[in-house]
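Colleague: Supplied in structure tokens, the structure appears directly below.
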Amino acid sequence: MRILVIGSGGREHALAWKVKDSPQTEKLYAIPGNPGMAAIAECVPQISPTDNAAVVAFAKENGIDLAVVGPEAPLAGGLVDALAAEGIKAFGPAKLAAEIEGSKAFSKDLMKKYGIPTAKYEVFSDAAAARAYVKAEGAPIVIKADGLAAGKGVVVAMTEEEALAAVDEIMEGGAFGAAGSRVVIEEFMAGEEVSILAFTDGKTIRAMIPSQDHKRAYDGDKGPNTGGMGAYAPAPVAPPALVAEVQRTIMEPTIRAMEQEGRLYKGCLYAGLMVTEEGAKVVEFNCRFGDPETEVVLPLLKGDLVEIMLACVDGNLADVEIPWSTGAAVTVVLAAGGYPKTYEKGAEITGLADAEAEGCLVFHAGTAERDGKIVTAGGRVLNVVAEAADIRAAVEKAYRGIGRVHFKDAFCRKDIAHRALERMK
């Protein structure tokens, strides 16, 4: 098969790596790809992932049998619909289904209508009304931009002042552009977060191994929110019994609800969950693989990813076996100094082969090639991934790999998987 992966980050590099591993993959392309993906795929940097017409034209010209859409923006922009209209199979939800991430208000209203457990909330288009609600409810409280904000449109405000400032910044300061013209304000949920991704063909939904990422920039879960500084799987906060509960109370009802709303959902459904005293509740849904969760979940998948994706597209997921490793995987993100705020680009990266020699996978997230050298080109630069028999061994292996990679002002969290390690004491 001739397969096209859409996207340029660590998630897409991991997807391309797993797709390349399939015996069904004859030729692999990536739009636009990155220097890491260039080792296993033919990259097409001149096409934007959100240019539906150009992507479809490329797919037709190159006889693409399956397109795998990584990021949320092309999904929300209807790329799967555009490909399907030309008879090209694409893994990912159609535009109407992708609204489960594209609008937090839509997602919350769906959960409320169908009794799917989530936090109490209200939606506001008027900043004054939003501020009044914050004052009435008090803190802690959660402020979310309604639209797509690259994983950064959420403020967990521990004080009323912080919440009011977030409303001002998002709604009146334009921090996230049009995505912040409406906000969802939610009650604060106490507990531990876990991510459960699932494959679905719109009828059947099969949960992947639960994972946990680390959103805060610094050790001890301190500092600003980021796109994710690392992740590990399996997450012990979600044992098999909890995953079965999530399947029954969240995943299956959501897929049925989307079908009833005329939004048949195919692809990967990501449920960001809070494990509370009352059970698991939805923090957010994403319409695609999570990042950096994908980088630890896919190494544990022992089945053929292409076969699974085709089953999701064709509607026969119930007939496919999805085997998983009994081990563990950990990814540590190596970031540019200053991230998630201002950071420099263009620093030379060394030691990539040395990290791989330690037995690690290195997925590129924000890199570029310049004069034959790999340089930094983003805030989250690399994912160094280790697989081992258990979390502790995977953590040690990942940090050995991290120690081999160098670039100016590089930093990483030193405590990835700390909650799992605490449970192992």
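Every chain in the structure tokens has a letter given in the order shown (A, B, ...), and although residue numbers restart at 1 in each chain, ligands are simply numbered from 1 in the order shown.
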Given only C-alpha atoms, how would the per-residue table for range 55-149 of chain A near range 294-311 of chain A read, listing every residue at most 9 Å away with its closest atom pair and distance in Å to one decimal, sorted by chain and number, as CSV?

Modeller:
```
residue,atom,partner,partner_atom,distance
A:Leu66,CA,A:Leu310,CA,7.9
A:Val68,CA,A:Met309,CA,8.4
A:Lys89,CA,A:Leu310,CA,8.1
A:Ala90,CA,A:Leu310,CA,8.5
A:Phe91,CA,A:Met309,CA,6.2
A:Gly92,CA,A:Met309,CA,8.9
```

Colleague: Would you please extract all alpha helix (DSSP H) residues from range 215-411 of chain A, as assigned by DSSP on the backbone, and give them as a VMD selection string?

Modeller: chain A and resid 240 to 246 252 to 260 294 to 297 305 to 314 352 to 357 391 to 402

Colleague: Which residues are close to range 22-39 of chain A, i.e. within 9 Å by only C-alpha atoms, leaving aside same-chain residues fewer than 2 positions away? Reply as a VMD selection string.

Modeller: chain A and resid 1 to 9 12 to 14 16 to 20 41 to 49 55 64 303 to 307 362 to 369 374

Colleague: Generate the output file for the selected residues, C-alpha atoms, as a short mmCIF file (atom, residue, chain, number, x, y, z; two decimals), in the first residue's frame.

Modeller:
```cif
data_model
loop_
_atom_site.label_atom_id
_atom_site.label_comp_id
_atom_site.auth_asym_id
_atom_site.auth_seq_id
_atom_site.Cartn_x
_atom_site.Cartn_y
_atom_site.Cartn_z
CA MET A 1 0.00 0.00 0.00
CA ARG A 2 1.00 3.59 -0.59
CA ILE A 3 0.37 5.50 2.64
CA LEU A 4 0.44 9.21 3.47
CA VAL A 5 0.90 10.61 6.98
CA ILE A 6 -0.27 14.19 7.50
CA GLY A 7 1.62 16.32 10.05
CA SER A 8 5.09 17.26 11.25
CA GLY A 9 5.37 16.63 14.99
CA GLU A 12 3.24 12.05 13.38
CA HIS A 13 6.81 10.72 13.53
CA ALA A 14 5.56 7.98 15.89
CA ALA A 16 4.91 7.06 10.55
CA TRP A 17 7.32 4.77 12.42
CA LYS A 18 4.52 2.35 13.32
CA VAL A 19 2.95 2.52 9.84
CA LYS A 20 6.36 1.80 8.30
CA ALA A 41 9.25 8.47 4.48
CA GLU A 42 9.37 10.78 1.48
CA CYS A 43 8.58 14.21 2.92
CA VAL A 44 6.62 16.81 0.96
CA PRO A 45 7.40 20.08 2.80
CA GLN A 46 5.93 22.36 0.12
CA ILE A 47 2.33 21.33 0.92
CA SER A 48 0.47 22.60 3.99
CA PRO A 49 -1.51 19.99 5.98
CA VAL A 55 -3.28 17.33 -0.21
CA ILE A 64 -2.37 6.95 -2.09
CA GLY A 303 -0.47 -5.51 16.16
CA ASP A 304 -0.44 -4.12 12.62
CA LEU A 305 -1.44 -0.45 12.85
CA VAL A 306 -2.32 -0.27 9.15
CA GLU A 307 -4.68 -3.25 9.48
CA VAL A 362 13.94 9.39 19.06
CA PHE A 363 10.87 11.06 17.59
CA HIS A 364 11.37 14.55 16.18
CA ALA A 365 8.82 17.16 17.29
CA GLY A 366 10.37 20.54 16.45
CA THR A 367 13.45 20.11 14.25
CA ALA A 368 14.72 21.27 10.87
CA GLU A 369 17.65 20.43 8.61
CA ILE A 374 19.68 18.84 12.45
#
```

Colleague: Any idea what's packed within 12 Å of Glu99 in chain A, counting only C-alpha atoms, ignoring anything in its chain fewer than 3 positions away? Could you give it as a count of residues only?

Modeller: 33

Colleague: Provide the CA of Val243 in chain A to CA of Cys312 in chain A distance in Å, to one decimal place.

Modeller: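 Rounded to one decimal, the two atoms are 20.4 Å apart.
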
Colleague: Residues of range 18-227 of chain A in strand (DSSP E) according to DSSP, as number ranges by chain?

Modeller: A: 27-32, 42-43, 66-69, 89-91, 121-124, 141-145, 154-157, 183-187, 192-200, 205-207, 212-213, 216-218, 222-225

Colleague: I'd like to know which of A:Lys266, A:Ile196, A:Ala417, A:Gly173 is closest to Glu245 in chain A, using only C-alpha atoms.

Modeller: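 The closest residue to Glu245 in chain A is A:Ile196.
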
Colleague: Using only C-alpha atoms, find the one residue out of A:Asp319, A:Glu162, A:Glu356, A:Asp409 that sits nearest to Gly337 in chain A.

Modeller: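 Nearest to Gly337 in chain A: A:Asp409.
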
Colleague: Give me the residues near Phe199 in chain A as number ranges by chain, where near means some atom within 6 Å (using only C-alpha atoms) and where sequence neighbours in that chain fewer than 2 positions away do not count.

Modeller: A: 205-206, 267-268

Colleague: What is the CA of Trp324 in chain A to CA of Met208 in chain A distance in Å?

Modeller: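 It comes out at 8.5 Å.
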
Colleague: Would you please work out which residue, of A:Leu79, A:Ala244, A:Met274, A:Ala207, is nearest to Phe188 in chain A when using only C-alpha atoms?

Modeller: A:Met274

Colleague: Which residues come within 6 Å of range 176-187 of chain A, counting only C-alpha atoms, excluding same-chain residues fewer than 3 positions away, as a PDB file with N, CA and C atoms, in the first residue's frame?

Modeller:
```
ATOM      1  N   ALA A 119     -17.500  17.451  34.266  1.00  0.00           N
ATOM      2  CA  ALA A 119     -17.658  18.512  35.257  1.00  0.00           C
ATOM      3  C   ALA A 119     -18.839  19.422  34.915  1.00  0.00           C
ATOM      4  N   LYS A 120     -19.443  20.014  35.961  1.00  0.00           N
ATOM      5  CA  LYS A 120     -20.472  21.046  35.775  1.00  0.00           C
ATOM      6  C   LYS A 120     -19.849  22.220  35.018  1.00  0.00           C
ATOM      7  N   TYR A 121     -20.636  22.890  34.178  1.00  0.00           N
ATOM      8  CA  TYR A 121     -20.057  23.934  33.333  1.00  0.00           C
ATOM      9  C   TYR A 121     -21.122  24.926  32.889  1.00  0.00           C
ATOM     10  N   GLU A 122     -20.658  26.056  32.367  1.00  0.00           N
ATOM     11  CA  GLU A 122     -21.490  27.020  31.643  1.00  0.00           C
ATOM     12  C   GLU A 122     -20.667  27.572  30.491  1.00  0.00           C
ATOM     13  N   VAL A 123     -21.354  28.023  29.434  1.00  0.00           N
ATOM     14  CA  VAL A 123     -20.693  28.574  28.252  1.00  0.00           C
ATOM     15  C   VAL A 123     -21.010  30.064  28.156  1.00  0.00           C
ATOM     16  N   PHE A 124     -19.991  30.867  27.847  1.00  0.00           N
ATOM     17  CA  PHE A 124     -20.175  32.321  27.793  1.00  0.00           C
ATOM     18  C   PHE A 124     -19.572  32.916  26.522  1.00  0.00           C
ATOM     19  N   SER A 125     -20.332  33.843  25.910  1.00  0.00           N
ATOM     20  CA  SER A 125     -19.820  34.645  24.798  1.00  0.00           C
ATOM     21  C   SER A 125     -19.577  36.085  25.244  1.00  0.00           C
ATOM     22  N   ILE A 141     -11.284  27.015  39.781  1.00  0.00           N
ATOM     23  CA  ILE A 141     -12.228  26.928  38.679  1.00  0.00           C
ATOM     24  C   ILE A 141     -11.420  26.845  37.383  1.00  0.00           C
ATOM     25  N   VAL A 142     -12.031  26.315  36.328  1.00  0.00           N
ATOM     26  CA  VAL A 142     -11.289  26.070  35.084  1.00  0.00           C
ATOM     27  C   VAL A 142     -11.893  26.908  33.958  1.00  0.00           C
ATOM     28  N   ILE A 143     -11.019  27.637  33.243  1.00  0.00           N
ATOM     29  CA  ILE A 143     -11.438  28.476  32.114  1.00  0.00           C
ATOM     30  C   ILE A 143     -10.870  27.867  30.837  1.00  0.00           C
ATOM     31  N   LYS A 144     -11.739  27.614  29.828  1.00  0.00           N
ATOM     32  CA  LYS A 144     -11.296  26.998  28.578  1.00  0.00           C
ATOM     33  C   LYS A 144     -11.759  27.819  27.384  1.00  0.00           C
ATOM     34  N   ALA A 145     -10.830  28.097  26.478  1.00  0.00           N
ATOM     35  CA  ALA A 145     -11.222  28.659  25.185  1.00  0.00           C
ATOM     36  C   ALA A 145     -12.043  27.610  24.447  1.00  0.00           C
ATOM     37  N   ASP A 146     -13.121  28.031  23.789  1.00  0.00           N
ATOM     38  CA  ASP A 146     -14.026  27.078  23.146  1.00  0.00           C
ATOM     39  C   ASP A 146     -13.377  26.360  21.970  1.00  0.00           C
ATOM     40  N   GLY A 147     -12.610  27.065  21.165  1.00  0.00           N
ATOM     41  CA  GLY A 147     -12.086  26.498  19.917  1.00  0.00           C
ATOM     42  C   GLY A 147     -10.701  25.901  20.058  1.00  0.00           C
ATOM     43  N   LEU A 148     -10.104  25.541  18.903  1.00  0.00           N
ATOM     44  CA  LEU A 148      -8.785  24.923  18.886  1.00  0.00           C
ATOM     45  C   LEU A 148      -7.720  25.943  19.275  1.00  0.00           C
ATOM     46  N   ILE A 170      -8.298  35.732  27.583  1.00  0.00           N
ATOM     47  CA  ILE A 170      -8.824  34.895  26.500  1.00  0.00           C
ATOM     48  C   ILE A 170      -9.893  35.632  25.693  1.00  0.00           C
ATOM     49  N   MET A 171     -10.841  36.267  26.392  1.00  0.00           N
ATOM     50  CA  MET A 171     -11.994  36.841  25.695  1.00  0.00           C
ATOM     51  C   MET A 171     -11.752  38.247  25.171  1.00  0.00           C
TER      52      MET A 171
END
```

Colleague: Using only C-alpha atoms, which of A:Glu172, A:His406, A:Val333, A:Val385 sits nearest Lys215 in chain A?

Modeller: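 Once distances to Lys215 in chain A are computed over only C-alpha atoms, the minimum belongs to A:Val333.
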
Colleague: For Leu197 in chain A, which of A:Gly327, A:Ala157, A:Gly290, A:Glu61 is the closest residue, counting only C-alpha atoms?

Modeller: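 Answer, going by the shortest atom-to-atom distance: A:Gly290.
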